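Undergrad: Mind having a look at this structure? Questions to follow.
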2 protein chains.
Amino acid sequence: MKTSSKESAANVTGVTGEELRNVISDALMAHGASSGSAAVQAENLLEAELRGHASHGIRRLTVLIQRMRAGLIESDAEPELDWVAPSVLRVDGKRGFGPVVAYRAIDEAVARANETGIAMAAISNSSHIGMLAPYVESIARRGQIAVLLTTSEALVHAWGGRGATVGTNPIGIAVPTTGEPLVLDMSTASVSMGKILDYAATGRALPIGWAVDSLGDPTRVAAEAVGGAISPFGGPKGYALGIALEAMVGTITATAFGTDVVGTLDSTLPATKGDLLICISLERLGLTGMLPLLTAYLEEVRGTGVNGVVDIPGDRARRARDRNVADGIQVNDKVWSLALKYKEEASNND
Amino acid sequence: MKTSSKESAANVTGVTGEELRNVISDALMAHGASSGSAAVQAENLLEAELRGHASHGIRRLTVLIQRMRAGLIESDAEPELDWVAPSVLRVDGKRGFGPVVAYRAIDEAVARANETGIAMAAISNSSHIGMLAPYVESIARRGQIAVLLTTSEALVHAWGGRGATVGTNPIGIAVPTTGEPLVLDMSTASVSMGKILDYAATGRALPIGWAVDSLGDPTRVAAEAVGGAISPFGGPKGYALGIALEAMVGTITATAFGTDVVGTLDSTLPATKGDLLICISLERLGLTGMLPLLTAYLEEVRGTGVNGVVDIPGDRARRARDRNVADGIQVNDKVWSLALKYKEEASNND
């Protein structure tokens with residue numbers, strides 16, 4: 001670990017991926033997680049950091065630990081997996097870590113898709129799954145197309161509406177190629193609440209289109225947005241997509257809708273969001289011959305850039321990851337100190 | 001049929017749904033379609049008109065008939081359906097009408113989803129399927145959640161790119177409720193090429209964000225946009241979603257990508273787009289108990305309107321449909337005359 005002089009103004013600490021993984025893992029173990037569960041959860045936060053999405057990185061540790069302390073996460077719970085139909089797996093996460101439950105479901109769904117062509121897993125009662133990209137990418141690397149959807153706390157307003165009634169409902173899609181997979185991971189909100197809170201903390205004006213105030217009027221004042229709602233990305237279409245996904249995922253996972261979705265940002269309520277995974281086996285369907293064509297197409301699109309290369313979904317995160325693996329990760333000092341404190345609690349418990 | 005005086009400036013003719021259906025159906029039969037196939041294709045164009053999407057309505061008749069004349073549509077071809085895996089149906093449309101092939105696939109996929117929970121149909125070699133809403137809505141009315149994706153001619157640029165390399169790749173999703181289903185049907189382009197051509201014809205300036213010129217620079221000149229590309233909806237996210245769907249649908253349907261997708265707008269090339277359908281049986285999965293909760297949620301969102309009621313996806317099209325069923329449909333005079341001419345060709349063939 002070394003304190004970065006270059007970025008000292010931002011109060012960040014430079015750490016390696018291994019340091020970050022170990023600190024998170026130790027902190028989780030200090031609060032009762034087994035080494036296996038802690039490693040899977042730590043890897044998920046690390047991957048978010050490596051891919052340049054600190055909002056889903058180590059700073060989520062506090063909520064995880066608070067939820068563990070409150071009994072809202074049972075880190076070593078055994079998820080209940082039930083094939084309720086030949087191609088549909090129902091997963092009761094039993095309050096386990098989101099990534100631990102999700103990877104159990106992935107293993108089952110990938111194996112089943114290799115038999116039935118397509119398989120779906122509907123997950124409930126599981127903790128926050130974090131960034132979607134690592135999951136769908138892992139499935140693409142096993143030769144399958146993956147779609148992963150999850151509901152989330154209502155932070156987004158309906159188009160023409162006031163109040164936060166729709167989740168940020170992200171979409172993860174990965175498609176294998178002959179090289180690196182295409183990996184989409186995007187929220188259906190125009191911006192994250194984390195970014196709005198950053199703007200509120202520094203008093204900067206929001207760009208128009210990011211948020212509305214409590215009356216549903218567009219606002220550039222971040223503090224008003226916090227009491228209002230984030231706007232969907234892409235106006236009415238983004239809203240329509242977000243609420244369609246909320247309806248679909250909430251129904252299939254038999255979980256909650258809208259403001260009844262809780263338990264990923266707070267530390268007081270059981271998680272009521274749902275995760276929906278669909279795997280499609282290209283090998284089982286005799287489609288691996290399509291991958292060179294797809295690869296050529298994506299390469300052609302990359303070459304159409306007006307200034308430099310156009311990105312295919314996943315390219316930017318891959319560059320960030322390569323850079324951060326090589327140069328280390330910049331972590332906010334306070335966040336890092338807190339993580340060390342959580343880890344320290346391990347020794348106290350010994 | 002009556003010429004509307006109120007809208008005479010726009011040179012439109014008011015027709016009933018039945019008149020419109022019959023004219024289309026007769027015109028298709030005049031060019032060799034059986035009454036059964038013609039009725040299904042006519043219904044698809046009629047539904048687009050009723051729902052207020054004239055771009056997918058009777059004006060598509062010309063291309064359909066030109067393609068029939070050229071042997072690119074074989075209206076009464078028997079599609080080849082093959083369950084290549086327990087939950088995956090491969091459909092070779094044999095150049096049949098898009099709606100005829102799609103409804104055959106839907107019947108099979110819905111029945112299979114009632115056994116396996118989820119079923120997917122991958123359709124190739126089929127004509128344009130038109131507006132997606134009627135298909136997914138019909139599945140929702142049978143108690144299933146439906147997702148329908150289709151690729152289309154490259155009309156959209158990559159984000160930061162020049163040239164049209166991505167389809168308008170629309171998304172259809174329907175979710176049953178205890179009342180009317182939620183029905184999403186949206187393209188991933190910011191606007192249709194039809195609308196840009198309208199602007200070009202009338203010399204109006206395009207809103208910024210709709211399109212780029214041939215160099216990839218944003219343009220407000222519609223004629224430049226025609227030689228350039230339409231922008232994705234919602235900026236980089238809409239682009240990422242559109243190309244992810246193109247990769248997924250093209251791969252699973254073993255069809256074409258990007259500029260190799262042809263045959264829905266032209267009258268000279270076999271159709272190389274693909275249609276992908278996923279059906280999920282709520283009854284099979286024991287999820288019908290979720291529908292009252294979903295219905296209550298959607299009703300709550302409708303009530304959050306700043307000015308009047310907020311729309312759930314499908315609400316606006318449903319209002320348009322009710323209005324047009326009651327008051328008749330306004331069809332462009334030239335389009336209507338042409339349809340009558342196509343129909344007239346029937347009598348000549350008798």
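Residue numbering restarts at 1 for every chain of the structure tokens, chains are lettered A, B, ... in their displayed order, and ligands are numbered from 1 as they appear.
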Take chain B, superimpose it onto chain A by least squares using every C-alpha atom paired in sequence order, and output the result as a short mmCIF file (atom, residue, chain, number, x, y, z; two decimals) with C-alpha atoms, in the first residue's frame.
TA:
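Below is the file that was written, superposed.cif:
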```cif
data_model
loop_
_atom_site.label_atom_id
_atom_site.label_comp_id
_atom_site.auth_asym_id
_atom_site.auth_seq_id
_atom_site.Cartn_x
_atom_site.Cartn_y
_atom_site.Cartn_z
CA MET B 1 0.01 0.13 -0.07
CA LYS B 2 1.30 3.58 -0.91
CA THR B 3 -0.24 7.02 -0.57
CA SER B 4 -0.42 8.57 -4.00
CA SER B 5 1.38 11.89 -4.17
CA LYS B 6 -0.04 12.67 -7.60
CA GLU B 7 -3.61 12.46 -6.37
CA SER B 8 -3.05 13.61 -2.81
CA ALA B 9 -5.48 16.50 -3.33
CA ALA B 10 -8.24 13.94 -3.68
CA ASN B 11 -7.19 12.18 -0.46
CA VAL B 12 -6.78 8.81 -1.99
CA THR B 13 -4.64 5.83 -1.20
CA GLY B 14 -3.15 3.63 -3.90
CA VAL B 15 -3.58 -0.08 -3.26
CA THR B 16 -3.07 -3.21 -5.28
CA GLY B 17 -5.96 -5.47 -6.17
CA GLU B 18 -4.60 -8.10 -3.85
CA GLU B 19 -4.41 -5.69 -0.92
CA LEU B 20 -7.95 -4.56 -1.57
CA ARG B 21 -9.28 -8.10 -1.89
CA ASN B 22 -7.57 -9.18 1.32
CA VAL B 23 -8.76 -6.23 3.37
CA ILE B 24 -12.37 -6.74 2.28
CA SER B 25 -12.18 -10.46 2.80
CA ASP B 26 -10.59 -10.11 6.24
CA ALA B 27 -13.17 -7.50 7.24
CA LEU B 28 -16.02 -9.82 6.23
CA MET B 29 -14.43 -12.74 8.07
CA ALA B 30 -14.03 -10.52 11.12
CA HIS B 31 -17.81 -10.30 11.12
CA GLY B 32 -18.47 -13.98 10.80
CA ALA B 33 -18.18 -14.87 7.13
CA SER B 34 -16.36 -18.05 6.15
CA SER B 35 -13.27 -17.58 4.02
CA GLY B 36 -15.10 -19.02 1.03
CA SER B 37 -18.07 -16.65 1.17
CA ALA B 38 -15.86 -13.69 2.05
CA ALA B 39 -13.63 -14.36 -0.95
CA VAL B 40 -16.55 -14.39 -3.40
CA GLN B 41 -18.06 -11.19 -1.97
CA ALA B 42 -14.64 -9.49 -1.87
CA GLU B 43 -13.96 -10.42 -5.49
CA ASN B 44 -17.22 -8.75 -6.54
CA LEU B 45 -16.31 -5.44 -4.87
CA LEU B 46 -12.75 -5.68 -6.20
CA GLU B 47 -13.97 -6.22 -9.76
CA ALA B 48 -16.10 -3.07 -9.53
CA GLU B 49 -13.04 -1.10 -8.37
CA LEU B 50 -10.87 -2.56 -11.13
CA ARG B 51 -13.44 -1.71 -13.77
CA GLY B 52 -13.64 1.88 -12.62
CA HIS B 53 -16.97 1.71 -10.78
CA ALA B 54 -16.00 2.72 -7.24
CA SER B 55 -19.69 3.22 -6.42
CA HIS B 56 -20.02 -0.57 -6.40
CA GLY B 57 -16.64 -1.18 -4.81
CA ILE B 58 -15.13 -1.19 -1.35
CA ARG B 59 -17.39 1.63 -0.17
CA ARG B 60 -20.24 -0.87 -0.09
CA LEU B 61 -18.42 -2.66 2.73
CA THR B 62 -20.02 -0.54 5.46
CA VAL B 63 -23.58 -1.47 4.51
CA LEU B 64 -22.59 -5.12 4.12
CA ILE B 65 -21.08 -5.21 7.59
CA GLN B 66 -23.94 -3.27 9.16
CA ARG B 67 -26.35 -5.72 7.57
CA MET B 68 -24.31 -8.67 8.81
CA ARG B 69 -24.36 -7.22 12.33
CA ALA B 70 -28.13 -6.75 12.10
CA GLY B 71 -28.65 -10.34 10.97
CA LEU B 72 -29.98 -9.10 7.61
CA ILE B 73 -27.14 -10.86 5.85
CA GLU B 74 -26.35 -14.40 6.84
CA SER B 75 -23.06 -14.76 5.09
CA ASP B 76 -22.87 -18.53 5.13
CA ALA B 77 -26.51 -19.37 4.61
CA GLU B 78 -27.08 -22.24 2.23
CA PRO B 79 -29.29 -20.98 -0.62
CA GLU B 80 -32.29 -23.11 -1.48
CA LEU B 81 -32.30 -24.06 -5.15
CA ASP B 82 -35.39 -25.58 -6.71
CA TRP B 83 -35.94 -26.42 -10.37
CA VAL B 84 -39.62 -25.49 -10.41
CA ALA B 85 -39.82 -26.27 -14.13
CA PRO B 86 -37.36 -28.00 -16.47
CA SER B 87 -35.76 -24.70 -17.52
CA VAL B 88 -36.50 -22.49 -14.51
CA LEU B 89 -34.59 -22.44 -11.25
CA ARG B 90 -36.07 -20.70 -8.23
CA VAL B 91 -33.46 -19.57 -5.72
CA ASP B 92 -34.17 -18.49 -2.17
CA GLY B 93 -30.94 -16.83 -1.14
CA LYS B 94 -31.68 -17.25 2.58
CA ARG B 95 -30.19 -13.79 3.16
CA GLY B 96 -26.81 -14.84 1.82
CA PHE B 97 -24.26 -12.59 0.12
CA GLY B 98 -25.57 -11.56 -3.31
CA PRO B 99 -22.51 -12.78 -5.24
CA VAL B 100 -22.38 -16.10 -3.37
CA VAL B 101 -26.00 -16.84 -4.17
CA ALA B 102 -25.70 -15.57 -7.75
CA TYR B 103 -22.70 -17.74 -8.60
CA ARG B 104 -24.47 -20.80 -7.21
CA ALA B 105 -27.42 -19.99 -9.46
CA ILE B 106 -25.11 -19.35 -12.42
CA ASP B 107 -23.44 -22.74 -12.10
CA GLU B 108 -26.82 -24.46 -12.11
CA ALA B 109 -28.32 -22.37 -14.91
CA VAL B 110 -25.28 -22.73 -17.17
CA ALA B 111 -25.33 -26.50 -16.77
CA ARG B 112 -29.06 -26.66 -17.45
CA ALA B 113 -28.82 -24.38 -20.50
CA ASN B 114 -26.35 -26.86 -21.93
CA GLU B 115 -29.21 -29.36 -21.86
CA THR B 116 -32.36 -27.36 -22.58
CA GLY B 117 -30.81 -24.56 -24.67
CA ILE B 118 -32.07 -21.77 -22.42
CA ALA B 119 -32.37 -21.68 -18.64
CA MET B 120 -33.58 -19.02 -16.24
CA ALA B 121 -32.86 -18.45 -12.55
CA ALA B 122 -35.15 -16.30 -10.42
CA ILE B 123 -33.42 -15.19 -7.22
CA SER B 124 -35.02 -13.68 -4.16
CA ASN B 125 -34.03 -13.07 -0.55
CA SER B 126 -30.43 -12.43 -1.45
CA SER B 127 -28.18 -9.48 -0.69
CA HIS B 128 -27.03 -6.84 -3.19
CA ILE B 129 -25.32 -8.45 -6.18
CA GLY B 130 -23.27 -5.36 -7.03
CA MET B 131 -21.95 -4.69 -10.50
CA LEU B 132 -23.54 -6.98 -13.10
CA ALA B 133 -20.66 -7.15 -15.57
CA PRO B 134 -18.50 -9.76 -13.79
CA TYR B 135 -21.39 -12.26 -13.65
CA VAL B 136 -22.48 -12.05 -17.26
CA GLU B 137 -18.88 -11.92 -18.43
CA SER B 138 -18.11 -15.13 -16.54
CA ILE B 139 -21.02 -16.82 -18.33
CA ALA B 140 -19.91 -15.56 -21.74
CA ARG B 141 -16.48 -17.03 -21.03
CA ARG B 142 -18.26 -20.35 -20.65
CA GLY B 143 -19.67 -19.99 -24.15
CA GLN B 144 -23.16 -18.78 -23.29
CA ILE B 145 -25.11 -15.59 -23.85
CA ALA B 146 -26.21 -14.14 -20.51
CA VAL B 147 -28.86 -11.64 -19.52
CA LEU B 148 -28.93 -10.51 -15.89
CA LEU B 149 -31.52 -8.11 -14.51
CA THR B 150 -32.03 -6.90 -10.97
CA THR B 151 -34.48 -4.58 -9.32
CA SER B 152 -33.34 -1.90 -6.91
CA GLU B 153 -34.60 0.79 -4.58
CA ALA B 154 -37.01 3.24 -6.22
CA LEU B 155 -34.85 6.25 -7.09
CA VAL B 156 -36.23 7.13 -10.52
CA HIS B 157 -39.43 9.01 -11.39
CA ALA B 158 -41.97 7.93 -13.95
CA TRP B 159 -41.94 10.06 -17.10
CA GLY B 160 -44.20 12.98 -16.35
CA GLY B 161 -44.41 11.94 -12.72
CA ARG B 162 -43.17 13.10 -9.34
CA GLY B 163 -41.54 11.03 -6.66
CA ALA B 164 -39.21 8.05 -6.98
CA THR B 165 -41.31 5.06 -8.00
CA VAL B 166 -39.05 3.02 -10.27
CA GLY B 167 -35.73 1.31 -9.52
CA THR B 168 -32.51 2.12 -11.31
CA ASN B 169 -33.05 -1.42 -12.69
CA PRO B 170 -29.77 -2.22 -14.42
CA ILE B 171 -29.33 -4.51 -17.41
CA GLY B 172 -26.40 -6.86 -17.86
CA ILE B 173 -25.89 -8.65 -21.18
CA ALA B 174 -22.84 -10.57 -22.33
CA VAL B 175 -22.26 -12.19 -25.70
CA PRO B 176 -19.17 -14.29 -26.42
CA THR B 177 -16.95 -13.52 -29.40
CA THR B 178 -13.77 -15.18 -30.63
CA GLY B 179 -11.91 -12.62 -28.50
CA GLU B 180 -13.15 -10.64 -25.51
CA PRO B 181 -16.91 -10.83 -24.93
CA LEU B 182 -19.31 -7.95 -25.46
CA VAL B 183 -20.35 -6.96 -21.93
CA LEU B 184 -23.17 -4.49 -21.33
CA ASP B 185 -23.80 -3.27 -17.78
CA MET B 186 -25.96 -0.19 -17.52
CA SER B 187 -28.55 1.23 -15.23
CA THR B 188 -31.80 2.60 -16.64
CA ALA B 189 -31.31 5.80 -14.63
CA SER B 190 -29.61 8.81 -16.20
CA VAL B 191 -27.05 8.91 -13.40
CA SER B 192 -26.34 7.20 -10.08
CA MET B 193 -27.56 8.55 -6.75
CA GLY B 194 -23.89 8.39 -5.71
CA LYS B 195 -23.02 10.99 -8.30
CA ILE B 196 -25.90 13.25 -7.26
CA LEU B 197 -24.73 13.02 -3.66
CA ASP B 198 -21.21 13.98 -4.85
CA TYR B 199 -22.66 17.04 -6.56
CA ALA B 200 -24.68 17.89 -3.44
CA ALA B 201 -21.58 17.62 -1.26
CA THR B 202 -19.61 19.97 -3.47
CA GLY B 203 -22.47 22.31 -4.34
CA ARG B 204 -22.08 21.87 -8.08
CA ALA B 205 -25.06 22.41 -10.40
CA LEU B 206 -26.51 19.29 -11.97
CA PRO B 207 -26.78 19.05 -15.74
CA ILE B 208 -30.39 19.39 -16.88
CA GLY B 209 -32.00 16.00 -17.42
CA TRP B 210 -30.41 14.27 -14.46
CA ALA B 211 -33.10 14.78 -11.85
CA VAL B 212 -36.35 16.39 -10.72
CA ASP B 213 -37.29 18.01 -7.42
CA SER B 214 -40.04 16.83 -5.07
CA LEU B 215 -42.70 18.45 -7.28
CA GLY B 216 -41.44 16.60 -10.35
CA ASP B 217 -39.89 19.71 -11.91
CA PRO B 218 -36.43 19.41 -13.50
CA THR B 219 -33.80 20.77 -11.13
CA ARG B 220 -30.13 21.66 -11.27
CA VAL B 221 -29.86 21.80 -7.48
CA ALA B 222 -28.44 18.51 -6.26
CA ALA B 223 -29.95 18.87 -2.78
CA GLU B 224 -33.40 19.23 -4.34
CA ALA B 225 -32.77 16.15 -6.44
CA VAL B 226 -32.03 14.12 -3.34
CA GLY B 227 -35.53 14.97 -2.09
CA GLY B 228 -36.94 14.37 -5.56
CA ALA B 229 -35.94 11.66 -7.98
CA ILE B 230 -33.38 10.76 -10.62
CA SER B 231 -34.57 10.95 -14.21
CA PRO B 232 -34.55 7.84 -16.35
CA PHE B 233 -31.90 7.75 -19.08
CA GLY B 234 -33.16 8.62 -22.54
CA GLY B 235 -36.40 10.26 -21.45
CA PRO B 236 -39.71 8.43 -21.94
CA LYS B 237 -38.09 5.40 -23.58
CA GLY B 238 -35.71 4.85 -20.69
CA TYR B 239 -38.62 5.16 -18.25
CA ALA B 240 -40.68 2.68 -20.26
CA LEU B 241 -37.80 0.22 -20.35
CA GLY B 242 -37.07 0.61 -16.64
CA ILE B 243 -40.64 0.02 -15.50
CA ALA B 244 -41.09 -2.90 -17.93
CA LEU B 245 -38.02 -4.54 -16.40
CA GLU B 246 -39.29 -3.79 -12.89
CA ALA B 247 -42.62 -5.45 -13.73
CA MET B 248 -40.94 -8.45 -15.32
CA VAL B 249 -38.25 -9.07 -12.71
CA GLY B 250 -40.48 -8.39 -9.71
CA THR B 251 -43.15 -10.74 -11.02
CA ILE B 252 -40.86 -13.61 -12.01
CA THR B 253 -38.79 -13.45 -8.82
CA ALA B 254 -41.97 -12.98 -6.72
CA THR B 255 -40.41 -10.02 -4.96
CA ALA B 256 -41.43 -6.39 -4.48
CA PHE B 257 -42.21 -3.44 -6.75
CA GLY B 258 -41.40 0.26 -6.54
CA THR B 259 -41.00 1.72 -3.07
CA ASP B 260 -41.46 -1.75 -1.54
CA VAL B 261 -38.01 -2.65 -2.86
CA VAL B 262 -35.66 -2.16 0.09
CA GLY B 263 -32.60 -3.68 1.68
CA THR B 264 -29.67 -2.89 -0.55
CA LEU B 265 -28.93 0.71 0.49
CA ASP B 266 -30.24 0.59 4.08
CA SER B 267 -29.06 -1.47 7.04
CA THR B 268 -32.39 -2.08 8.68
CA LEU B 269 -34.65 -4.02 6.31
CA PRO B 270 -34.54 -7.47 4.71
CA ALA B 271 -33.69 -7.32 1.00
CA THR B 272 -36.83 -7.44 -1.15
CA LYS B 273 -35.28 -7.03 -4.59
CA GLY B 274 -35.09 -9.77 -7.15
CA ASP B 275 -32.39 -10.93 -9.59
CA LEU B 276 -33.25 -12.59 -12.88
CA LEU B 277 -30.73 -14.53 -14.93
CA ILE B 278 -31.14 -16.06 -18.38
CA CYS B 279 -28.44 -18.27 -19.94
CA ILE B 280 -28.44 -19.43 -23.55
CA SER B 281 -25.99 -22.12 -24.61
CA LEU B 282 -24.48 -21.43 -28.03
CA GLU B 283 -22.82 -24.81 -28.13
CA ARG B 284 -26.06 -26.66 -27.38
CA LEU B 285 -27.77 -24.69 -30.14
CA GLY B 286 -25.00 -25.22 -32.69
CA LEU B 287 -24.30 -21.50 -32.92
CA THR B 288 -20.59 -21.21 -32.17
CA GLY B 289 -20.01 -20.78 -35.90
CA MET B 290 -21.63 -17.32 -35.59
CA LEU B 291 -18.86 -15.97 -33.36
CA PRO B 292 -16.33 -15.12 -36.09
CA LEU B 293 -19.06 -13.17 -37.92
CA LEU B 294 -20.02 -11.34 -34.74
CA THR B 295 -16.40 -10.59 -33.94
CA ALA B 296 -15.82 -9.15 -37.42
CA TYR B 297 -18.94 -6.99 -37.09
CA LEU B 298 -17.90 -5.56 -33.74
CA GLU B 299 -14.41 -4.86 -35.10
CA GLU B 300 -15.98 -3.03 -38.03
CA VAL B 301 -18.03 -0.86 -35.65
CA ARG B 302 -14.92 -0.09 -33.57
CA GLY B 303 -13.37 1.25 -36.77
CA THR B 304 -16.10 3.85 -37.41
CA GLY B 305 -14.88 6.32 -34.77
CA VAL B 306 -14.94 10.01 -35.62
CA ASN B 307 -12.11 10.60 -33.14
CA GLY B 308 -10.27 7.40 -32.40
CA VAL B 309 -11.85 4.04 -31.81
CA VAL B 310 -15.52 3.48 -30.99
CA ASP B 311 -16.15 1.38 -27.89
CA ILE B 312 -18.14 -1.83 -27.91
CA PRO B 313 -19.89 -2.39 -24.55
CA GLY B 314 -17.25 -3.70 -22.16
CA ASP B 315 -14.25 -2.13 -23.92
CA ARG B 316 -13.97 0.86 -21.59
CA ALA B 317 -14.26 -1.24 -18.43
CA ARG B 318 -11.65 -3.63 -19.82
CA ARG B 319 -9.22 -0.76 -20.41
CA ALA B 320 -9.82 0.53 -16.88
CA ARG B 321 -9.29 -2.94 -15.49
CA ASP B 322 -6.00 -3.43 -17.34
CA ARG B 323 -4.80 -0.04 -16.12
CA ASN B 324 -5.83 -0.65 -12.52
CA VAL B 325 -4.35 -4.12 -12.44
CA ALA B 326 -1.05 -2.61 -13.64
CA ASP B 327 -1.03 0.66 -11.68
CA GLY B 328 -3.10 -0.12 -8.60
CA ILE B 329 -6.45 1.22 -7.46
CA GLN B 330 -7.05 4.68 -5.97
CA VAL B 331 -9.28 4.33 -2.90
CA ASN B 332 -10.75 7.20 -0.93
CA ASP B 333 -8.74 7.58 2.29
CA LYS B 334 -11.74 7.52 4.60
CA VAL B 335 -13.19 4.46 2.90
CA TRP B 336 -9.84 2.71 3.17
CA SER B 337 -9.38 3.59 6.86
CA LEU B 338 -12.84 2.30 7.60
CA ALA B 339 -12.07 -0.98 5.84
CA LEU B 340 -8.89 -1.34 7.89
CA LYS B 341 -10.93 -0.69 11.02
CA TYR B 342 -13.44 -3.38 10.04
CA LYS B 343 -10.55 -5.73 9.44
CA GLU B 344 -9.00 -4.77 12.76
CA GLU B 345 -12.18 -5.91 14.45
CA ALA B 346 -11.13 -9.37 13.31
CA SER B 347 -8.06 -9.38 15.55
CA ASN B 348 -10.19 -8.20 18.44
CA ASN B 349 -12.43 -11.18 17.92
CA ASP B 350 -9.57 -13.67 17.74
#
```
Undergrad: Within stretch 178-249 of chain B, find each residue whose DSSP state, derived from the backbone, is strand (DSSP E), and express the selection as a VMD selection string.
TA: chain B and resid 182 to 186 211 to 212 229 to 230
Undergrad: Atoms to include: N, CA and C atoms. Write the selected residues as a PDB file, in the first residue's frame.
TA:
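Saved as part22.pdb:
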```pdb
ATOM      1  N   LEU B 182     -49.141  -4.651 -19.332  1.00  0.00           N
ATOM      2  CA  LEU B 182     -48.098  -3.680 -19.652  1.00  0.00           C
ATOM      3  C   LEU B 182     -47.510  -4.110 -20.985  1.00  0.00           C
ATOM      4  N   VAL B 183     -47.416  -3.189 -21.941  1.00  0.00           N
ATOM      5  CA  VAL B 183     -46.904  -3.532 -23.275  1.00  0.00           C
ATOM      6  C   VAL B 183     -45.878  -2.484 -23.708  1.00  0.00           C
ATOM      7  N   LEU B 184     -44.627  -2.882 -23.715  1.00  0.00           N
ATOM      8  CA  LEU B 184     -43.551  -2.003 -24.181  1.00  0.00           C
ATOM      9  C   LEU B 184     -43.245  -2.337 -25.632  1.00  0.00           C
ATOM     10  N   ASP B 185     -43.118  -1.332 -26.469  1.00  0.00           N
ATOM     11  CA  ASP B 185     -42.699  -1.536 -27.861  1.00  0.00           C
ATOM     12  C   ASP B 185     -41.934  -0.295 -28.264  1.00  0.00           C
ATOM     13  N   MET B 186     -40.632  -0.379 -28.246  1.00  0.00           N
ATOM     14  CA  MET B 186     -39.817   0.797 -28.538  1.00  0.00           C
ATOM     15  C   MET B 186     -38.582   0.419 -29.322  1.00  0.00           C
ATOM     16  N   ALA B 211     -29.912  12.963 -35.152  1.00  0.00           N
ATOM     17  CA  ALA B 211     -29.143  12.364 -36.254  1.00  0.00           C
ATOM     18  C   ALA B 211     -27.785  13.023 -36.425  1.00  0.00           C
ATOM     19  N   VAL B 212     -26.922  12.329 -37.177  1.00  0.00           N
ATOM     20  CA  VAL B 212     -25.616  12.879 -37.548  1.00  0.00           C
ATOM     21  C   VAL B 212     -25.501  12.856 -39.072  1.00  0.00           C
ATOM     22  N   ALA B 229     -26.709   9.135 -40.366  1.00  0.00           N
ATOM     23  CA  ALA B 229     -27.299   8.064 -39.556  1.00  0.00           C
ATOM     24  C   ALA B 229     -28.156   8.660 -38.454  1.00  0.00           C
ATOM     25  N   ILE B 230     -29.123   7.881 -38.002  1.00  0.00           N
ATOM     26  CA  ILE B 230     -29.951   8.269 -36.863  1.00  0.00           C
ATOM     27  C   ILE B 230     -29.137   8.041 -35.583  1.00  0.00           C
TER      28      ILE B 230
END
```
Undergrad: Please identify which residues in stretch 166-230 of chain B DSSP calls helix (DSSP H, G or I) from the backbone, and express them as JSON, numbers by chain.
TA: {"B": [193, 194, 195, 196, 197, 198, 199, 200, 201, 202, 222, 223, 224, 225, 226]}
Undergrad: Store the residues picked out above in a file with N, CA and C atoms, as a CSV table (one decimal), in the first residue's frame.
TA:
```csv
chain,number,residue,atom,x,y,z
B,193,MET,N,-36.6,6.5,-39.2
B,193,MET,CA,-36.2,7.1,-40.5
B,193,MET,C,-37.4,7.7,-41.2
B,194,GLY,N,-38.6,7.2,-41.0
B,194,GLY,CA,-39.8,7.7,-41.5
B,194,GLY,C,-40.0,9.2,-41.1
B,195,LYS,N,-39.8,9.5,-39.9
B,195,LYS,CA,-39.9,10.8,-39.4
B,195,LYS,C,-38.9,11.8,-40.0
B,196,ILE,N,-37.6,11.3,-40.1
B,196,ILE,CA,-36.6,12.1,-40.7
B,196,ILE,C,-36.9,12.4,-42.2
B,197,LEU,N,-37.5,11.4,-42.9
B,197,LEU,CA,-37.9,11.6,-44.2
B,197,LEU,C,-39.0,12.7,-44.3
B,198,ASP,N,-39.9,12.6,-43.4
B,198,ASP,CA,-41.0,13.6,-43.3
B,198,ASP,C,-40.4,15.0,-43.1
B,199,TYR,N,-39.4,15.2,-42.2
B,199,TYR,CA,-38.7,16.4,-42.0
B,199,TYR,C,-38.0,16.9,-43.3
B,200,ALA,N,-37.4,15.9,-44.0
B,200,ALA,CA,-36.6,16.3,-45.2
B,200,ALA,C,-37.6,16.8,-46.3
B,201,ALA,N,-38.8,16.1,-46.4
B,201,ALA,CA,-39.7,16.5,-47.4
B,201,ALA,C,-40.3,17.9,-47.1
B,202,THR,N,-40.4,18.3,-45.9
B,202,THR,CA,-41.0,19.6,-45.6
B,202,THR,C,-39.9,20.6,-45.2
B,222,ALA,N,-32.3,17.6,-42.2
B,222,ALA,CA,-32.8,16.3,-42.4
B,222,ALA,C,-32.1,15.6,-43.6
B,223,ALA,N,-31.9,16.3,-44.7
B,223,ALA,CA,-31.3,15.7,-45.9
B,223,ALA,C,-29.9,15.2,-45.6
B,224,GLU,N,-29.2,15.9,-44.7
B,224,GLU,CA,-27.8,15.4,-44.3
B,224,GLU,C,-28.0,14.1,-43.5
B,225,ALA,N,-29.0,14.1,-42.7
B,225,ALA,CA,-29.2,12.9,-41.8
B,225,ALA,C,-29.5,11.7,-42.6
B,226,VAL,N,-30.2,11.9,-43.7
B,226,VAL,CA,-30.5,10.7,-44.6
B,226,VAL,C,-29.2,10.1,-45.1
```
